[in-house]
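Accompanying notes for the structure given below.
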Amino acid sequence: MSRRRKRFADLGRALAVAAPLAVVGALVAGAPAVLAALGRPSGQGIAGGYDRIVDAIAQRQWLSVRYGANGEPRIALRDGAAGSDRRLRAFVNASYLRSDLQDPAVWRLSDDGQWVEGIDPFAHYIDRPFSGAGAWRGPILFRGGATPGLRLQPLGDPAPAPIPLEPQGAGAAACDILMPTRRVGAPGPRRALSICLKDGDAPPHAVGSVILIGDQAVVRVQTPSILEIRVGARDVRPRADGDVTLTPLPQGETLTLRTGQSVLRLRLDGGAADIARSESSGARVYFPALQPLAQPIERVMGGRTSTPLRLSLDGRLQQVAQDALSAGAATVLASHPSGNEKESSDAFKAAVTVMDTTTGQVLAVASWPLAETDLAPAQRRTRRGRNLLAQNHNFERLPVGSMAKGPFSLAILDADPGLATLKIQGGATGRIRTVLGMDVGKGGFDNHGLGMTDFPTFLEHSNNRYALALMMLAYRAPDAPPQPARAQPGPVEAWSLERRSRTDTPSLPVFGEATAPGPYGWVLRPPPGRGPAWTDRLARLFDVDAGEGGGCRYDVAVWRGLSGAAPPCASPLAGASPERERLGFDAVASFHNDYLMAGLGGSRSTWSAIKMAEVYSRIVSGSQVRASFAPAAGPSVADLPMRSPRMRANVLDGLSRVVTSGTAAWLGREFAGMGYGPEVALYGKTGTMKVAGEAPGEPGEPGAAVLQQLARSDCGLRWDAAAGVLKFGFVAPRSRAEAARQILALKETRCRVRVGGRRDLAQQAAAEMQRYACGYRNCQPGDFEPEPDGRVVSLPLRPVEPPLLDGHAVAVVAVRQTGGRPVRGLTIVVNLQDKRQAETPALAVAAAILRSPAAHAWIAGGAI
Amino acid sequence: MSRPSPAPTIEASAARWLAVKVAAGSPAARDWPHFFACSGLAADPNLMRSTLGLNGGGAETVWRRDGSDTPIRVALVPIETPSAPESDRIIEAATRATADCGEIP
């Protein structure tokens, strides 16, 4: 290269780095002006200017993500010219970025976790109650109509039926609650319940009661007795004969009755409630699971008058859905037969969306886990575990499995109606890799065996082989001139399309230039840039991003009813909006992983429960309903823009068969006994999916991290060649307990802070030490190398892979029809990201919601 | 400095009274005697007297007749309140009104 050209190349490289840095510098310098232009004084509320600069830095890929041994990401400036730039480093040191780089939780990472996309827009939001005046303190209310009633729930496994407490209910009968036999009986709603004690041979006598005064439950105790009566932790028995105590029983509080070994606990659930309200103390109180929804609204309303704000959520359905989801999660946790304490108590993501089928109004967004007690002890200590509580999982994209087949197949048929006539052999059960003589690749796919399968039967039994045949035939051009037949390599399977029986492999562009099949069939080599037409139909029919397109990351349009128009992408309401799907069909790198597996609901096919509810509402109602949190239904919705409207009947036939004789037949049988009339039809689609677990690795994993830190900090970890063990100090530990004692006895501060005096952590690190022990003279594990003086200053990182869990999901639509048109309905999407050994737990959750009086009232049209 | 709220919170261990809302149309919302009888308070004259004292001395006008819920303060312990002339009549009628609501053991 000539000197002159080299100088230009150097200049070009320098400009490539310096120009964006200059932009960043300009943004930093102009941040106050930018913020002022945004109508927000700098240094108050949302750090929008900072976010923009940091997003710009992230988008230029000047940040890198690396993963530690415990699976936690570490964000850092990328090595190289940009990362070592003096001005960028100065910005890091002078801004939030310095501390943000230490906190992986404030970053938005790409789906594969390898790239930093930007900073969480609320990472530096200072909550209004603590930032001075202007905080919005108004109540956020459920939609009009009856609020969930109070009920006394006896605790147990399984939980007995709750006793509704209503002002119109019956008065107390003799001994509704009897101790020590723990009998609780109350048919129908009550206004009061008596508490009796049977002491010896004497007849039972009343010692107290639970009474409803107005809208509050109160425990009244009129006799001191040996029956211990506690509200929460407080003993509420009167001190002397003749005294009477009245003690309020708050919602969620437990009444405990105890005599000797006999204990009965009853919890007060439900009651009139708001989504959010301020107490006289100034504290904000939120309905369970709805804090992540309410807080962004409060940010948007900041500075306005505190008049009540009403949302579309229905209080009774929210309570019912939350109860059903919690019960479903308990069923899953109890299903683990291995007795592995850690695994059996690990919480997982679970969500339920309930939506009005005909308007798209969101009626309930139940989420689990709810409280720290729902987490396993190890999860409570990790940020990942705490994040499970901080989010409402209806708003994030989750794997949905075969639930995706509903919208995908409707879009495929709409693009190419002739495919509705496809019939193929459903194939065997297990892992298979050929479809119609086509080799789907080494990984193959899981399949449930089925005989000759037509379109409705495919949905009914969720046949993967048929789904893949559809996904590949969707590449055909129906009007193209016939191509020469490609022979199937044996064994030849018969199939039919457009009533023509065939035994060949269809001619499709997905084979590229191949002229002969491989050992497993025709190898797929789709030419780049030629995607099938149906993904456009998918985008049109369901307003879903079938590609990797731009636009808002969150579907803020669900809040368009709040101010009349859809809020901007950067609105704080993004925090209470479902994450938008990005199916990536315009960027298929691996045909097997990115296209075919997405058709089975894997890979990039992750959907929020809210969007999935909207999709199934559209399929069943045939109209373009949009998910919305606005309390009033919008103007009448247009019909689905289908090219071939009659294709919807094929999909509805399949979805109806799912709950009649298919994968959700149990739900259909239950539904038949729920008292809905013949005018209420039920549709559904199930999904089972593989989910990367939230819990990091093995039980000893925190111990491994601590031991590595102790080694790195040169805390005295040595290899004892004579005993063949790791040790701290001079003496080789002979047991795990001795090793733990050595760890707890470390003197240097830099070492003590690693363990923090925690015995459990020391024991886990000691267990990790024992993993390396070979236990005889002069043995030496091969995975680390001691220093010449015996010190061990580095231990290998063991890869920590998240456990692969089986999840279960279902979308159900119960719709009342008049003259063939749906007039009122409920769409329920249940997504449990783990099912352990439970068979079909999502169906039980959906059944519990459909069985509730609230669901009956909604479908009947009784609710507002 | 902001004034502390006079309202007791039900979480407080020494709550002395409790604010409740009585649903319009419920038996307890008919009048004061029925409120006491249907709430299970008719057996406690001292609490009834205190409750009346916390609510305008037992005036019938506190009851909302427009279909909305009536907020009532209920004494959880005997509270010294000015005695009202209607109190004795209401307390005596409350014991009779239990026939409409059923006795609370």
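All residue names refer to the structure tokens as shown: chains lettered A, B, ... in order, residues numbered from 1 in each chain, ligands numbered from 1 in order.
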Region 84-99 of chain B surroundings by only C-alpha atoms, 9 Å radius, close-in-sequence under 2 positions cut, as a list of chain:residue names: B:Trp32, B:Pro33, B:His34, B:Phe35, B:Phe36, B:Ala37, B:Cys38, B:Gly40, B:Leu41, B:Ala42, B:Ala43, B:Pro45, B:Met48, B:Arg49, B:Leu52, B:Gly53, B:Gly56, B:Gly57, B:Gly58, B:Ala59, B:Thr81, B:Pro82, B:Cys101, B:Gly102, B:Glu103, B:Ile104
With only C-alpha atoms considered, list every residue of chain A at most 9 Å from chain B, as a CSV table (one decimal) with C-alpha atoms, in the first residue's frame.
```
chain,number,residue,atom,x,y,z
A,167,PRO,CA,-73.6,-8.2,54.4
A,168,GLN,CA,-76.6,-10.0,53.0
A,170,ALA,CA,-76.8,-15.6,56.9
A,171,GLY,CA,-76.0,-14.9,60.6
A,172,ALA,CA,-73.9,-17.3,62.6
A,173,ALA,CA,-75.0,-20.8,63.3
A,174,ALA,CA,-74.0,-22.9,66.3
A,175,CYS,CA,-70.3,-23.7,66.1
A,191,ARG,CA,-72.4,-12.4,57.8
A,192,ALA,CA,-70.9,-14.0,60.9
A,193,LEU,CA,-69.3,-17.3,61.9
A,194,SER,CA,-69.1,-18.7,65.4
A,195,ILE,CA,-65.9,-20.2,66.9
A,206,ALA,CA,-68.8,-20.5,71.9
A,207,VAL,CA,-65.7,-18.5,72.6
A,208,GLY,CA,-65.7,-16.0,69.8
A,209,SER,CA,-66.8,-15.2,66.3
A,211,ILE,CA,-68.2,-10.9,62.2
A,212,LEU,CA,-68.6,-8.6,59.3
A,213,ILE,CA,-69.1,-5.0,60.3
A,214,GLY,CA,-69.8,-3.0,57.2
A,215,ASP,CA,-67.1,-4.0,54.8
A,216,GLN,CA,-64.6,-5.1,57.5
A,220,ARG,CA,-64.7,-10.9,68.4
A,234,ARG,CA,-51.1,-11.1,68.1
A,244,VAL,CA,-64.7,-8.6,75.1
A,245,THR,CA,-62.1,-7.9,72.4
A,246,LEU,CA,-62.8,-6.8,68.9
A,247,THR,CA,-59.9,-7.1,66.6
A,248,PRO,CA,-59.9,-6.1,62.9
A,249,LEU,CA,-58.8,-8.9,60.5
A,250,PRO,CA,-57.2,-7.1,57.6
A,280,SER,CA,-53.2,8.4,54.9
A,281,SER,CA,-49.5,7.7,55.8
```
Neighbours of Asn46 (chain B) within 9 Å (only C-alpha atoms; same-chain residues fewer than 5 positions away dropped), as a PDB file with C-alpha atoms, in the first residue's frame?
```
ATOM      1  CA  THR B  51     -69.836   3.847  68.506  1.00  0.00           C
ATOM      2  CA  VAL B  77     -62.844  -0.548  72.882  1.00  0.00           C
ATOM      3  CA  PRO B  78     -65.017   1.535  75.230  1.00  0.00           C
ATOM      4  CA  ILE B  79     -64.268   5.189  74.471  1.00  0.00           C
TER       5      ILE B  79
END
```
In region 427-632 of chain A, DSSP strand (DSSP E) residues written as a ChimeraX atom specification: /A:427,430-432,434-435,438-439,445-447,450-453,486-487,495-497,500-502,504-505,522-523,606-607
Okay, now the selection with C-alpha atoms, as a short mmCIF file (atom, residue, chain, number, x, y, z; two decimals), in the first residue's frame?
```
data_model
loop_
_atom_site.label_atom_id
_atom_site.label_comp_id
_atom_site.auth_asym_id
_atom_site.auth_seq_id
_atom_site.Cartn_x
_atom_site.Cartn_y
_atom_site.Cartn_z
CA GLY A 427 -45.64 -39.70 11.60
CA GLY A 430 -40.34 -39.36 19.03
CA ARG A 431 -37.62 -37.40 17.32
CA ILE A 432 -37.87 -37.52 13.52
CA THR A 434 -38.10 -36.08 7.46
CA VAL A 435 -41.30 -34.54 6.15
CA MET A 438 -37.50 -33.40 2.93
CA ASP A 439 -34.67 -33.52 5.41
CA PHE A 445 -38.00 -32.35 15.75
CA ASP A 446 -40.18 -33.88 18.46
CA ASN A 447 -43.41 -35.40 17.26
CA LEU A 450 -50.71 -39.56 14.32
CA GLY A 451 -52.17 -41.33 11.30
CA MET A 452 -53.44 -39.62 8.15
CA THR A 453 -53.89 -36.03 9.19
CA ARG A 486 -38.64 -35.05 -7.23
CA ALA A 487 -38.64 -38.63 -6.05
CA TRP A 495 -49.84 -37.52 0.83
CA SER A 496 -52.40 -35.41 -0.94
CA LEU A 497 -52.89 -31.77 -1.82
CA ARG A 500 -54.50 -35.08 -5.73
CA SER A 501 -52.71 -38.05 -4.22
CA ARG A 502 -48.94 -37.82 -4.41
CA ASP A 504 -43.22 -37.25 -4.59
CA THR A 505 -41.38 -34.50 -2.78
CA TRP A 522 -33.98 -33.63 0.04
CA VAL A 523 -31.68 -31.28 1.84
CA THR A 606 -41.83 -15.82 21.93
CA TRP A 607 -45.03 -13.93 22.66
#
```
For region 724-730 of chain A: contacts at 9 Å, only C-alpha atoms, fewer than 3 positions along chain excluded, given as a ChimeraX atom specification: /A:715-721,733-734,739,742-743,746,769-770,772-781,792
Could you please take those selected residues and save N, CA and C atoms as an mmCIF file, in the first residue's frame?
```cif
data_model
loop_
_atom_site.group_PDB
_atom_site.id
_atom_site.type_symbol
_atom_site.label_atom_id
_atom_site.label_comp_id
_atom_site.auth_asym_id
_atom_site.auth_seq_id
_atom_site.Cartn_x
_atom_site.Cartn_y
_atom_site.Cartn_z
ATOM 1 N N CYS A 715 -6.284 -16.127 49.510
ATOM 2 C CA CYS A 715 -6.711 -16.209 50.906
ATOM 3 C C CYS A 715 -6.137 -17.447 51.606
ATOM 4 N N GLY A 716 -5.148 -18.053 51.010
ATOM 5 C CA GLY A 716 -4.490 -19.168 51.683
ATOM 6 C C GLY A 716 -4.942 -20.532 51.195
ATOM 7 N N LEU A 717 -5.633 -20.572 50.071
ATOM 8 C CA LEU A 717 -6.041 -21.872 49.533
ATOM 9 C C LEU A 717 -4.799 -22.594 48.999
ATOM 10 N N ARG A 718 -4.594 -23.808 49.478
ATOM 11 C CA ARG A 718 -3.410 -24.580 49.080
ATOM 12 C C ARG A 718 -3.823 -26.001 48.700
ATOM 13 N N TRP A 719 -2.964 -26.599 47.897
ATOM 14 C CA TRP A 719 -3.145 -28.019 47.577
ATOM 15 C C TRP A 719 -2.228 -28.810 48.502
ATOM 16 N N ASP A 720 -2.838 -29.703 49.285
ATOM 17 C CA ASP A 720 -2.056 -30.554 50.188
ATOM 18 C C ASP A 720 -1.757 -31.855 49.451
ATOM 19 N N ALA A 721 -0.516 -31.961 48.938
ATOM 20 C CA ALA A 721 -0.178 -33.115 48.107
ATOM 21 C C ALA A 721 -0.170 -34.405 48.919
ATOM 22 N N PRO A 733 -8.165 -30.612 55.803
ATOM 23 C CA PRO A 733 -9.457 -30.936 56.422
ATOM 24 C C PRO A 733 -9.848 -32.385 56.125
ATOM 25 N N ARG A 734 -10.409 -33.039 57.162
ATOM 26 C CA ARG A 734 -10.788 -34.435 56.970
ATOM 27 C C ARG A 734 -12.263 -34.589 56.621
ATOM 28 N N ALA A 739 -13.527 -28.280 56.645
ATOM 29 C CA ALA A 739 -13.209 -27.319 55.586
ATOM 30 C C ALA A 739 -14.029 -26.046 55.766
ATOM 31 N N GLN A 742 -12.561 -23.962 58.417
ATOM 32 C CA GLN A 742 -11.372 -23.243 57.941
ATOM 33 C C GLN A 742 -11.770 -21.974 57.192
ATOM 34 N N ILE A 743 -12.822 -22.097 56.403
ATOM 35 C CA ILE A 743 -13.263 -20.930 55.611
ATOM 36 C C ILE A 743 -13.803 -19.848 56.533
ATOM 37 N N LEU A 746 -11.145 -17.630 58.327
ATOM 38 C CA LEU A 746 -10.229 -16.765 57.576
ATOM 39 C C LEU A 746 -10.164 -15.392 58.232
ATOM 40 N N MET A 769 -14.687 -27.558 47.612
ATOM 41 C CA MET A 769 -13.316 -28.015 47.855
ATOM 42 C C MET A 769 -13.239 -29.539 47.746
ATOM 43 N N GLN A 770 -14.276 -30.190 48.261
ATOM 44 C CA GLN A 770 -14.249 -31.659 48.252
ATOM 45 C C GLN A 770 -14.400 -32.229 46.847
ATOM 46 N N TYR A 772 -12.754 -31.416 44.431
ATOM 47 C CA TYR A 772 -11.415 -31.545 43.852
ATOM 48 C C TYR A 772 -10.570 -32.601 44.564
ATOM 49 N N ALA A 773 -11.068 -33.065 45.712
ATOM 50 C CA ALA A 773 -10.235 -33.975 46.510
ATOM 51 C C ALA A 773 -10.093 -35.324 45.811
ATOM 52 N N CYS A 774 -8.828 -35.809 45.720
ATOM 53 C CA CYS A 774 -8.665 -37.179 45.235
ATOM 54 C C CYS A 774 -8.281 -38.083 46.403
ATOM 55 N N GLY A 775 -7.735 -37.490 47.475
ATOM 56 C CA GLY A 775 -7.676 -38.196 48.750
ATOM 57 C C GLY A 775 -6.550 -39.186 48.915
ATOM 58 N N TYR A 776 -5.524 -39.173 48.103
ATOM 59 C CA TYR A 776 -4.372 -40.054 48.375
ATOM 60 C C TYR A 776 -3.094 -39.328 47.993
ATOM 61 N N ARG A 777 -1.995 -39.850 48.490
ATOM 62 C CA ARG A 777 -0.702 -39.168 48.393
ATOM 63 C C ARG A 777 -0.296 -38.910 46.939
ATOM 64 N N ASN A 778 0.117 -37.677 46.726
ATOM 65 C CA ASN A 778 0.674 -37.251 45.434
ATOM 66 C C ASN A 778 -0.314 -37.326 44.263
ATOM 67 N N CYS A 779 -1.590 -37.429 44.568
ATOM 68 C CA CYS A 779 -2.545 -37.327 43.463
ATOM 69 C C CYS A 779 -2.743 -35.835 43.147
ATOM 70 N N GLN A 780 -3.248 -35.531 41.994
ATOM 71 C CA GLN A 780 -3.386 -34.121 41.590
ATOM 72 C C GLN A 780 -4.483 -34.003 40.524
ATOM 73 N N PRO A 781 -5.581 -33.322 40.818
ATOM 74 C CA PRO A 781 -6.602 -33.130 39.774
ATOM 75 C C PRO A 781 -6.005 -32.376 38.592
ATOM 76 N N VAL A 792 -2.990 -22.138 45.630
ATOM 77 C CA VAL A 792 -3.894 -22.266 44.489
ATOM 78 C C VAL A 792 -4.558 -20.904 44.305
#
```
Filtered DSSP result for region 2-105 of chain B, state helix (DSSP H, G or I), as number ranges by chain: B: 27-29, 32-39, 45-54, 60-62, 86-101
Okay, now the selection with N, CA and C atoms, as a compact mmCIF listing (two decimals), in the first residue's frame?
```
# COMPACT_ATOMS: atom_id res chain seq x y z
N PRO B 27 -79.00 -5.40 55.41
CA PRO B 27 -79.84 -5.28 56.61
C PRO B 27 -79.25 -4.32 57.64
N ALA B 28 -77.94 -4.26 57.70
CA ALA B 28 -77.31 -3.41 58.72
C ALA B 28 -77.50 -1.93 58.43
N ALA B 29 -77.87 -1.60 57.19
CA ALA B 29 -77.97 -0.19 56.82
C ALA B 29 -79.37 0.38 57.06
N TRP B 32 -79.78 2.47 63.12
CA TRP B 32 -78.75 2.14 64.12
C TRP B 32 -79.02 0.81 64.83
N PRO B 33 -80.23 0.54 65.28
CA PRO B 33 -80.44 -0.75 65.98
C PRO B 33 -80.10 -1.94 65.07
N HIS B 34 -80.50 -1.85 63.81
CA HIS B 34 -80.20 -2.97 62.92
C HIS B 34 -78.70 -3.05 62.62
N PHE B 35 -78.04 -1.89 62.56
CA PHE B 35 -76.60 -1.95 62.35
C PHE B 35 -75.93 -2.74 63.48
N PHE B 36 -76.31 -2.43 64.72
CA PHE B 36 -75.69 -3.14 65.84
C PHE B 36 -76.08 -4.61 65.85
N ALA B 37 -77.34 -4.86 65.59
CA ALA B 37 -77.80 -6.25 65.67
C ALA B 37 -77.16 -7.10 64.56
N CYS B 38 -77.14 -6.56 63.35
CA CYS B 38 -76.64 -7.35 62.23
C CYS B 38 -75.12 -7.41 62.19
N SER B 39 -74.47 -6.54 62.94
CA SER B 39 -73.00 -6.57 62.98
C SER B 39 -72.49 -7.38 64.17
N PRO B 45 -73.15 -3.22 75.19
CA PRO B 45 -73.71 -1.85 75.33
C PRO B 45 -72.63 -0.77 75.36
N ASN B 46 -71.52 -1.06 76.00
CA ASN B 46 -70.47 -0.03 76.08
C ASN B 46 -69.92 0.32 74.70
N LEU B 47 -69.70 -0.72 73.88
CA LEU B 47 -69.19 -0.47 72.54
C LEU B 47 -70.23 0.24 71.68
N MET B 48 -71.49 -0.14 71.88
CA MET B 48 -72.55 0.53 71.10
C MET B 48 -72.60 2.01 71.48
N ARG B 49 -72.50 2.27 72.79
CA ARG B 49 -72.56 3.66 73.23
C ARG B 49 -71.38 4.45 72.65
N SER B 50 -70.20 3.84 72.67
CA SER B 50 -69.01 4.52 72.14
C SER B 50 -69.14 4.74 70.63
N THR B 51 -69.68 3.73 69.96
CA THR B 51 -69.84 3.85 68.51
C THR B 51 -70.80 4.98 68.16
N LEU B 52 -71.88 5.07 68.92
CA LEU B 52 -72.82 6.16 68.69
C LEU B 52 -72.14 7.50 68.92
N GLY B 53 -71.32 7.56 69.98
CA GLY B 53 -70.62 8.80 70.27
C GLY B 53 -69.66 9.21 69.15
N LEU B 54 -69.09 8.21 68.48
CA LEU B 54 -68.15 8.51 67.38
C LEU B 54 -68.87 8.93 66.10
N GLU B 60 -79.85 9.72 63.08
CA GLU B 60 -80.25 8.87 61.95
C GLU B 60 -79.78 9.47 60.62
N THR B 61 -79.46 10.79 60.66
CA THR B 61 -79.12 11.45 59.38
C THR B 61 -77.77 10.99 58.83
N VAL B 62 -76.97 10.29 59.64
CA VAL B 62 -75.69 9.83 59.09
C VAL B 62 -75.91 8.77 58.01
N GLU B 86 -80.40 9.86 72.50
CA GLU B 86 -80.95 8.72 71.75
C GLU B 86 -80.26 7.40 72.09
N SER B 87 -79.11 7.48 72.74
CA SER B 87 -78.29 6.27 72.91
C SER B 87 -79.05 5.14 73.57
N ASP B 88 -79.68 5.44 74.72
CA ASP B 88 -80.33 4.36 75.47
C ASP B 88 -81.45 3.72 74.64
N ARG B 89 -82.19 4.57 73.90
CA ARG B 89 -83.29 4.04 73.09
C ARG B 89 -82.74 3.11 72.00
N ILE B 90 -81.64 3.52 71.37
CA ILE B 90 -81.06 2.72 70.28
C ILE B 90 -80.53 1.40 70.83
N ILE B 91 -79.84 1.47 71.97
CA ILE B 91 -79.25 0.24 72.53
C ILE B 91 -80.34 -0.74 72.93
N GLU B 92 -81.40 -0.21 73.45
CA GLU B 92 -82.50 -1.09 73.87
C GLU B 92 -83.17 -1.71 72.64
N ALA B 93 -83.31 -0.90 71.57
CA ALA B 93 -83.94 -1.41 70.34
C ALA B 93 -83.05 -2.41 69.64
N ALA B 94 -81.73 -2.28 69.81
CA ALA B 94 -80.79 -3.19 69.14
C ALA B 94 -81.01 -4.63 69.59
N THR B 95 -81.30 -4.81 70.87
CA THR B 95 -81.50 -6.18 71.36
C THR B 95 -82.74 -6.80 70.72
N ARG B 96 -83.76 -5.94 70.46
CA ARG B 96 -84.97 -6.47 69.80
C ARG B 96 -84.72 -6.73 68.32
N ALA B 97 -83.86 -5.92 67.71
CA ALA B 97 -83.62 -6.04 66.27
C ALA B 97 -82.86 -7.31 65.93
N THR B 98 -82.28 -7.95 66.93
CA THR B 98 -81.56 -9.19 66.63
C THR B 98 -82.48 -10.23 66.02
N ALA B 99 -83.77 -10.09 66.28
CA ALA B 99 -84.73 -11.03 65.68
C ALA B 99 -84.67 -10.94 64.15
N ASP B 100 -84.36 -9.76 63.63
CA ASP B 100 -84.30 -9.60 62.17
C ASP B 100 -82.98 -10.10 61.60
N CYS B 101 -81.96 -10.11 62.43
CA CYS B 101 -80.63 -10.41 61.89
C CYS B 101 -80.06 -11.72 62.40
```
Distance of CA of Asp269 (chain A) from CA of Val184 (chain A), expressed in Å to one decimal place: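 A separation of 16.4 Å between them.
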Distance in Å - CA of Val362 (chain A) versus CA of Trp666 (chain A):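 Computing it gives 26.0 Å between the two atoms.
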Neighbour list for region 398-410 of chain A as a ChimeraX atom specification, cut-off 8 Å, only C-alpha atoms, skip fewer than 4 positions in-chain: /A:414,459,462,467,470,538,542,599-602,605-609,615-616,619,647-648,651,655,685-691,808-811,831,833
Interatomic distance (Å, one decimal) between CA of Phe122 (chain A) and CA of Asp103 (chain A): 13.7 Å
